[in-house]
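Undergrad: What follows is a structure written as structure tokens; I'll ask about it next.
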Amino acid sequence: MRLLHLGNVVIDLVLTVGDLPARGGDVIATSTATTPGGGFNVMAAAVRQGLPTLYAGAHGTGPFATLARAALTEAGIEWLHPAREDLDTGFVVTLIDATGERSFVTSPGAEATLTGDELPEPAADDLVYLSGYSLLHDSNRAALLPWLAKLPDDVEVFFDPGPLVAEIPDHALEAVLARVDWWSSNAAEAALLTGLADPVEAARAVRRRTRRADVIVRTGPDGCVLAVRGQDVTRVGGFAVRAVDLNGAGDAHAGAFLAGIAEGKEPAEAARRANAAAALAVTRRGPATAPTRDELEAYLRGH
């Protein structure tokens with residue numbers, strides 16, 4: 001199997017602060033870093049678990065794009081399209097507070113300019129990854145929705161709506177819900193969609209809204225809720241760790257889960273591995289901190 005990633009690779013400008021500034025205020029960061037982020041985090045997590053991955057999103061020409069392509073190359077991730085000549089890749093200012101929580105401000109770039117003629121025809125055994133961020137950009141949305149509707153039924157589609165799920169246009173969200181095979185979000189995102197704070201009830205509600213999808217609702221250190229069609233909704237336990245940076249935890253979870261599904265693991269086992277990958281990721285600073293396969297196997301043997 002291969003992961004075909006149709007999300008957005010951006011550059012994260014990461015600043016660690018004691019507290020977020022008040023409106024109109026100012027704080028001094030205790031550390032800063034410039035790293036690849038966005039869709040890169042999911043792809044890096046998947047590749048580290050042995051899943052071949054192709055980036056099929058757009059990318060630009062400029063300093064941020066150069067950083068992004070260097071990271072893709074180092075991670076062993078191929079890309080499909082040539083660089084945009086007139087745009088740089090976008091960036092995200094990420095603020096990490098003393099609790100490890102993160103806040104984002106995004107400046108879109110070339111990754112927000114995907115067109116329909118650039119979308120590939122997936123193979124039957126490809127896993128397709130879609131991001132809610134893509135549906136917020138007019139060009140990407142106009143390209144992806146017709147492409148998604150024409151996908152063969154045997155192509156498995158994984159969708160992560162992201163924290164701006166409430167801003168995705170209704171028609172786009174409904175089109176995705178009608179086609180995806182996996183919905184994966186955190187509990188806050190599931191609550192935004194369903195109005196339900198209980199992640200178990202939210203998982204059931206998301207599953208009802210889809211035509212064919214199974215549902216994962218991530219619940220932080222508690223693990224995740226798994227709603228597979230034809231089965232009872234179950235909780236898959238998490239792993240207790242000392243978190244220092246929550247940035248990229250959901251991406252590590254998604255990449256590890258997809259690698260498990262690609263290997264033919266049952267959803268509950270793939271989810272347990274994903275929980276462990278996310279737990280390891282939050283013990284390290286930086287967005288793309290998912291473990292390697294050997295690290296994950298060693299951690300699971302100890303638990």
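Chain lettering (A, B, ...) mirrors the order of the structure tokens, residue numbering begins at 1 for each chain separately, and ligand numbering begins at 1 in order of display.
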Would you please extract all strand (DSSP E) residues from region 54-233 of chain A, as assigned by DSSP on the backbone, and give them as a tab-separated table (two decimals) with N, CA and C atoms, in the first residue's frame?
TA:
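What ended up in part.tsv:
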chain	number	residue	atom	x	y	z
A	54	LEU	N	3.44	9.52	-0.83
A	54	LEU	CA	3.61	10.49	-1.90
A	54	LEU	C	2.84	11.75	-1.55
A	55	TYR	N	3.52	12.90	-1.59
A	55	TYR	CA	2.86	14.18	-1.38
A	55	TYR	C	2.31	14.68	-2.70
A	78	GLU	N	8.36	11.34	-1.49
A	78	GLU	CA	8.39	11.91	-2.83
A	78	GLU	C	7.25	12.91	-3.00
A	79	TRP	N	7.40	13.84	-3.96
A	79	TRP	CA	6.31	14.76	-4.28
A	79	TRP	C	5.98	14.65	-5.76
A	91	PHE	N	3.15	29.45	5.76
A	91	PHE	CA	3.74	29.19	7.07
A	91	PHE	C	2.68	29.34	8.17
A	92	VAL	N	3.01	28.78	9.33
A	92	VAL	CA	2.12	28.81	10.49
A	92	VAL	C	2.92	29.29	11.70
A	93	VAL	N	2.47	30.36	12.33
A	93	VAL	CA	3.05	30.77	13.61
A	93	VAL	C	2.39	29.94	14.70
A	94	THR	N	3.20	29.17	15.42
A	94	THR	CA	2.71	28.25	16.45
A	94	THR	C	3.23	28.70	17.80
A	95	LEU	N	2.33	28.96	18.73
A	95	LEU	CA	2.69	29.35	20.09
A	95	LEU	C	2.44	28.18	21.04
A	96	ILE	N	3.49	27.74	21.73
A	96	ILE	CA	3.39	26.64	22.69
A	96	ILE	C	3.48	27.23	24.09
A	102	ARG	N	-1.02	24.32	22.18
A	102	ARG	CA	-0.53	25.12	21.07
A	102	ARG	C	-1.65	25.93	20.45
A	103	SER	N	-1.27	27.12	19.95
A	103	SER	CA	-2.20	28.00	19.24
A	103	SER	C	-1.55	28.39	17.92
A	104	PHE	N	-2.39	28.53	16.87
A	104	PHE	CA	-1.86	28.70	15.52
A	104	PHE	C	-2.40	29.96	14.85
A	105	VAL	N	-1.56	30.56	14.00
A	105	VAL	CA	-2.00	31.56	13.03
A	105	VAL	C	-1.37	31.15	11.71
A	106	THR	N	-2.21	30.94	10.67
A	106	THR	CA	-1.75	30.40	9.40
A	106	THR	C	-1.74	31.46	8.31
A	107	SER	N	-0.65	31.49	7.53
A	107	SER	CA	-0.56	32.35	6.35
A	107	SER	C	-0.43	31.43	5.13
A	126	ASP	N	-4.21	2.25	-2.85
A	126	ASP	CA	-3.74	3.47	-2.20
A	126	ASP	C	-4.64	3.86	-1.03
A	127	LEU	N	-4.04	4.45	-0.01
A	127	LEU	CA	-4.77	5.14	1.03
A	127	LEU	C	-4.70	6.63	0.73
A	128	VAL	N	-5.83	7.30	0.69
A	128	VAL	CA	-5.88	8.73	0.39
A	128	VAL	C	-6.12	9.51	1.68
A	129	TYR	N	-5.28	10.51	1.93
A	129	TYR	CA	-5.43	11.36	3.10
A	129	TYR	C	-5.92	12.74	2.67
A	130	LEU	N	-7.04	13.17	3.27
A	130	LEU	CA	-7.59	14.51	3.04
A	130	LEU	C	-7.59	15.30	4.34
A	131	SER	N	-7.34	16.58	4.23
A	131	SER	CA	-7.33	17.47	5.39
A	131	SER	C	-8.43	18.51	5.28
A	156	GLU	N	-9.55	3.70	-0.37
A	156	GLU	CA	-9.90	4.04	1.01
A	156	GLU	C	-9.45	5.47	1.31
A	157	VAL	N	-10.38	6.28	1.84
A	157	VAL	CA	-10.13	7.70	2.08
A	157	VAL	C	-10.20	7.99	3.57
A	158	PHE	N	-9.17	8.67	4.07
A	158	PHE	CA	-9.05	9.05	5.48
A	158	PHE	C	-9.14	10.57	5.55
A	159	PHE	N	-9.97	11.08	6.46
A	159	PHE	CA	-10.20	12.53	6.55
A	159	PHE	C	-9.99	13.01	7.97
A	160	ASP	N	-9.16	14.04	8.10
A	160	ASP	CA	-8.98	14.74	9.38
A	160	ASP	C	-9.48	16.16	9.20
A	182	TRP	N	-12.71	6.78	6.68
A	182	TRP	CA	-12.28	7.04	8.06
A	182	TRP	C	-12.38	8.53	8.34
A	183	TRP	N	-13.04	8.85	9.44
A	183	TRP	CA	-13.03	10.21	10.00
A	183	TRP	C	-12.19	10.15	11.26
A	184	SER	N	-11.20	11.05	11.38
A	184	SER	CA	-10.36	11.09	12.57
A	184	SER	C	-10.23	12.52	13.05
A	185	SER	N	-10.67	12.77	14.28
A	185	SER	CA	-10.58	14.12	14.84
A	185	SER	C	-10.36	14.01	16.34
A	186	ASN	N	-10.01	15.13	16.97
A	186	ASN	CA	-10.00	15.13	18.43
A	186	ASN	C	-11.41	15.40	18.95
A	214	ASP	N	-15.99	4.74	9.20
A	214	ASP	CA	-15.70	4.44	10.58
A	214	ASP	C	-15.06	5.68	11.19
A	215	VAL	N	-15.12	5.79	12.51
A	215	VAL	CA	-14.80	7.07	13.15
A	215	VAL	C	-13.81	6.86	14.29
A	216	ILE	N	-12.83	7.75	14.35
A	216	ILE	CA	-11.91	7.84	15.49
A	216	ILE	C	-12.07	9.22	16.11
A	217	VAL	N	-12.27	9.25	17.42
A	217	VAL	CA	-12.26	10.51	18.15
A	217	VAL	C	-11.15	10.43	19.19
A	218	ARG	N	-10.12	11.23	19.01
A	218	ARG	CA	-8.98	11.21	19.91
A	218	ARG	C	-9.32	11.94	21.21
A	223	GLY	N	-6.49	8.26	25.22
A	223	GLY	CA	-6.47	7.41	24.03
A	223	GLY	C	-7.41	7.89	22.96
A	224	CYS	N	-8.36	7.04	22.60
A	224	CYS	CA	-9.32	7.44	21.57
A	224	CYS	C	-10.58	6.59	21.68
A	225	VAL	N	-11.62	7.07	21.02
A	225	VAL	CA	-12.88	6.34	20.89
A	225	VAL	C	-12.95	5.84	19.46
A	226	LEU	N	-13.33	4.57	19.29
A	226	LEU	CA	-13.37	3.94	17.98
A	226	LEU	C	-14.80	3.51	17.69
A	227	ALA	N	-15.36	4.02	16.60
A	227	ALA	CA	-16.72	3.68	16.19
A	227	ALA	C	-16.66	3.01	14.82
Undergrad: Report the closest atom pair, with its distance in Å rounded to one decimal, for each residue of region 171-280 of chain A that has an atom no farther than 12 Å from region 289-293 of chain A; count only C-alpha atoms, sort by chain and then rising residue number, and write it as a tab-separated table.
TA:
residue	atom	partner	partner_atom	distance
A:Val244	CA	A:Thr289	CA	11.6
A:Asp245	CA	A:Thr289	CA	9.7
A:Leu246	CA	A:Thr289	CA	10.1
A:Asn247	CA	A:Thr289	CA	8.9
A:Gly248	CA	A:Thr289	CA	7.3
A:Ala249	CA	A:Ala290	CA	7.9
A:Gly250	CA	A:Ala290	CA	9.9
A:Asp251	CA	A:Ala290	CA	8.2
A:Ala252	CA	A:Ala290	CA	5.1
A:His253	CA	A:Ala290	CA	8.2
A:Ala254	CA	A:Ala290	CA	10.2
A:Gly255	CA	A:Ala290	CA	8.5
A:Ala256	CA	A:Ala290	CA	8.3
A:Phe257	CA	A:Ala290	CA	11.7
A:Ala259	CA	A:Arg293	CA	10.0
A:Gly260	CA	A:Arg293	CA	10.8
A:Arg273	CA	A:Arg293	CA	10.2
A:Ala274	CA	A:Ala290	CA	9.8
A:Asn275	CA	A:Ala290	CA	11.0
A:Ala276	CA	A:Pro291	CA	9.2
A:Ala277	CA	A:Ala290	CA	6.1
A:Ala278	CA	A:Ala290	CA	6.9
A:Ala279	CA	A:Ala290	CA	9.0
A:Leu280	CA	A:Pro291	CA	6.6
Undergrad: Pick the closest to Phe239 (chain A) from A:Ala268, A:Arg207, A:Ala281, A:Ala56: which is it, counting only C-alpha atoms?
TA: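 Of all the options, A:Ala281 lies closest to Phe239 (chain A).
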Undergrad: From a DSSP pass on the backbone, collect the residues of region 52-110 of chain A flagged as alpha helix (DSSP H) and hand them back as a PyMOL selection string.
TA: chain A and resi 63-75
Undergrad: Write the residues you've just listed into a file as an mmCIF file, in the first residue's frame, and include N, CA and C atoms for each of them.
TA:
data_model
loop_
_atom_site.group_PDB
_atom_site.id
_atom_site.type_symbol
_atom_site.label_atom_id
_atom_site.label_comp_id
_atom_site.auth_asym_id
_atom_site.auth_seq_id
_atom_site.Cartn_x
_atom_site.Cartn_y
_atom_site.Cartn_z
ATOM 1 N N PRO A 63 12.131 30.564 0.143
ATOM 2 C CA PRO A 63 12.847 29.991 1.294
ATOM 3 C C PRO A 63 12.048 28.955 2.064
ATOM 4 N N PHE A 64 10.741 29.185 2.251
ATOM 5 C CA PHE A 64 9.944 28.197 2.970
ATOM 6 C C PHE A 64 9.769 26.922 2.141
ATOM 7 N N ALA A 65 9.551 27.089 0.844
ATOM 8 C CA ALA A 65 9.407 25.925 -0.022
ATOM 9 C C ALA A 65 10.690 25.104 -0.057
ATOM 10 N N THR A 66 11.834 25.765 -0.056
ATOM 11 C CA THR A 66 13.109 25.055 -0.047
ATOM 12 C C THR A 66 13.258 24.232 1.222
ATOM 13 N N LEU A 67 12.883 24.808 2.360
ATOM 14 C CA LEU A 67 12.910 24.068 3.619
ATOM 15 C C LEU A 67 11.974 22.859 3.564
ATOM 16 N N ALA A 68 10.786 23.063 3.005
ATOM 17 C CA ALA A 68 9.805 21.980 2.949
ATOM 18 C C ALA A 68 10.305 20.825 2.092
ATOM 19 N N ARG A 69 10.841 21.116 0.919
ATOM 20 C CA ARG A 69 11.321 20.048 0.037
ATOM 21 C C ARG A 69 12.536 19.331 0.626
ATOM 22 N N ALA A 70 13.391 20.068 1.308
ATOM 23 C CA ALA A 70 14.535 19.428 1.953
ATOM 24 C C ALA A 70 14.061 18.438 3.014
ATOM 25 N N ALA A 71 13.036 18.827 3.754
ATOM 26 C CA ALA A 71 12.507 17.929 4.780
ATOM 27 C C ALA A 71 11.853 16.699 4.159
ATOM 28 N N LEU A 72 11.100 16.897 3.074
ATOM 29 C CA LEU A 72 10.482 15.764 2.385
ATOM 30 C C LEU A 72 11.549 14.795 1.892
ATOM 31 N N THR A 73 12.599 15.336 1.310
ATOM 32 C CA THR A 73 13.678 14.487 0.805
ATOM 33 C C THR A 73 14.339 13.709 1.935
ATOM 34 N N GLU A 74 14.639 14.398 3.026
ATOM 35 C CA GLU A 74 15.297 13.739 4.154
ATOM 36 C C GLU A 74 14.422 12.631 4.748
ATOM 37 N N ALA A 75 13.115 12.853 4.753
ATOM 38 C CA ALA A 75 12.194 11.865 5.317
ATOM 39 C C ALA A 75 11.914 10.705 4.370
#
Undergrad: Choose the residue, out of A:Ala46, A:Ala22, A:Ala188, A:Val14, that has the smallest atom-to-atom separation from Gly220 (chain A); count only C-alpha atoms.
TA: A:Ala188
Undergrad: Please, what distance in Å, to one decimal, runs between CA of Ala142 (chain A) and CA of Leu114 (chain A)?
TA: 8.8 Å
Undergrad: Of the candidates A:Ala298, A:Ala288, A:Ala124, A:Ala202, which one gets nearest to Val42 (chain A) if we count only C-alpha atoms?
TA: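 Using only C-alpha atoms, the shortest distance to Val42 (chain A) belongs to A:Ala288.
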Undergrad: Which one of A:Gly24, A:Glu201, A:Gly132, A:Asn140 sits closest to Glu167 (chain A) if you count only C-alpha atoms?
TA: A:Gly132
Undergrad: From the list A:Thr115, A:Ala123, A:Ala172, A:Gly100, which residue is nearest Thr283 (chain A) when using only C-alpha atoms?
TA: A:Gly100
